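Visitor: Below you'll find the structure I mean.
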Amino acid sequence: MSIRLGLHRRTGPGVGARSVLAGAVVATLLFGTTAANAGPGSATRADDLDGLRGLAAKRGLLIGSAVYNPPLLGDARYRALLAREFSAVSPGNVMKWDTVEPERGMVDLTAADHMMRFASGHRQIVRGHTLVWHNQLPYWLTQKTWSDADLATILEKHVKEEAAKFRGRVYAWDVINEPFNEDGTWRETIWYKALGPGYVAKALQWAHEADPRAKLYLNDYNLEWNTAKADAMYALVSDLRERGVPVHGVGFQGHLGIQYDYPAPVIDHLRRFTGLGLDVAITEADVRMPLPVTDAKLATQADYFGRLLSACLAVRRCVSFTIWGLSDAHSWVPGVFAGQGAATPYDHDLRPKPAYAELREALRHRVAGSER
Ligand code: XIL
């Protein structure tokens, strides 16, 4: 599997909206779990209302966590926290192509279904992640040389089949993940090379055909602050909208680091897209730090998490805020960024860090200039 090692090496500075959430159904989801369905060790109803999930519901915001399973969903403490604090889940890996189709034609949705069952049992929505990406592709696909026509056929089959399998069960799909380079040029992925930039519109159309009610997103990192990349995304979605291609949202991954300045332009960047009539979402928030952890670093992290959530809350159509991994024990950061970690609001032992308190504060207070 290839992982982008150059990722986020930043040099620079650092529906209404709610009606798109399918009205009453999502209102129920937002208001979430009860002690009865949260499972063993779960919190009381009063705790629910005071946690992230309860507070976010009052602001009309879905709050999500990326889930790694198995075996995490078998851990009672993990399950209880996930149910109590979050109204949305994203699959950390289990809906990616290498997991769902490890051998050509051998579709395995066991892990994805497991997560789906957890989500529906706890009234959480699912953000599907992801249909078209250049990473975590199955070996049968990457190890062989294909013609462009073959790749077009393979991609169409994959997008249509996976979207159809989860039809009606995902609230939104990250249909396209990470289409651009940092300078705003197209990333020359296997899909771009075979189909050209038209792969984006095609994939959106295929996904829409297979699951007409799912919200379809384009998702990328550094859109928070990188103007060249945000401009490229803006030009792409404007063009798609003009041509009537089904696209409903733009996902800002939100991978931040305390060694960089806080990405101050994020609110303006979010609003550019909502100005086009799209939803936006923070889809993979985390705030990494060079290790070891210190109190000062945790304070900066808390500040960044709080500001990023406040930015989403300030934008009426910022529909969800998802944290990439429940705790520091479930984060991708240490495996990818050497010497860095501690990127989530809970420590390795699932104890809340200062960032958790700051997220709650952000949910409690309306910032100046907020659209909601
Ligand atoms: C990461 C997962 O968290 C890791 O477990 C996996 O090894 C690699 O992928 N951007 C994305 C996510 O869109 O899918 C990535 O998830 C993190 C970066």
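Identifiers in this document derive from the order of the structure tokens: chains are assigned A, B, ..., residues are numbered from 1 separately in each chain, and ligands are numbered from 1 in order of occurrence.
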Check every protein, DNA and RNA residue against ligand 1, keep those with an atom at most 9 Å away (counting only C-alpha atoms and all ligand atoms), and present them as a PyMOL selection string.
Guide: chain A and resi 1-4+7+66-68+91-93+96+129-130+133+135-136+174+177-178+219-221+253+255+283-284+324-325+330-333+335-336
Visitor: Write out as a PyMOL selection string each polymer residue whose atoms come within 12 Å of Ala343 of chain A, counting only C-alpha atoms; drop sequence neighbours fewer than 4 positions from it.
Guide: chain A and resi 254-258+284-293+297-298+300-302+304-305+323-335+337+339+347-348+353-356
Visitor: Could you give me, as a count of residues only, the residues within 10 Å of Phe86 of chain A, counting only C-alpha atoms and dropping anything in the same chain fewer than 5 positions from it?
Guide: 24
Visitor: Compare A:Ala76, A:Leu61, A:Val200, A:Ala230 by their minimum atom-to-atom distance to Asp183 of chain A, counting only C-alpha atoms, and give me the closest one.
Guide: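 Selected residue with least distance to Asp183 of chain A: A:Ala230.
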Visitor: Using DSSP secondary structure from the backbone, list all alpha helix (DSSP H) positions within segment 32-165 of chain A, as a PyMOL selection string.
Guide: chain A and resi 45-50+52-58+76-85+97-100+110-121+139-142+148-165
Visitor: Using only C-alpha atoms, find the one residue out of A:Leu137, A:Leu350, A:Val315, A:Ala357 that sits nearest to Pro102 of chain A.
Guide: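 Using only C-alpha atoms, the shortest distance to Pro102 of chain A belongs to A:Leu137.
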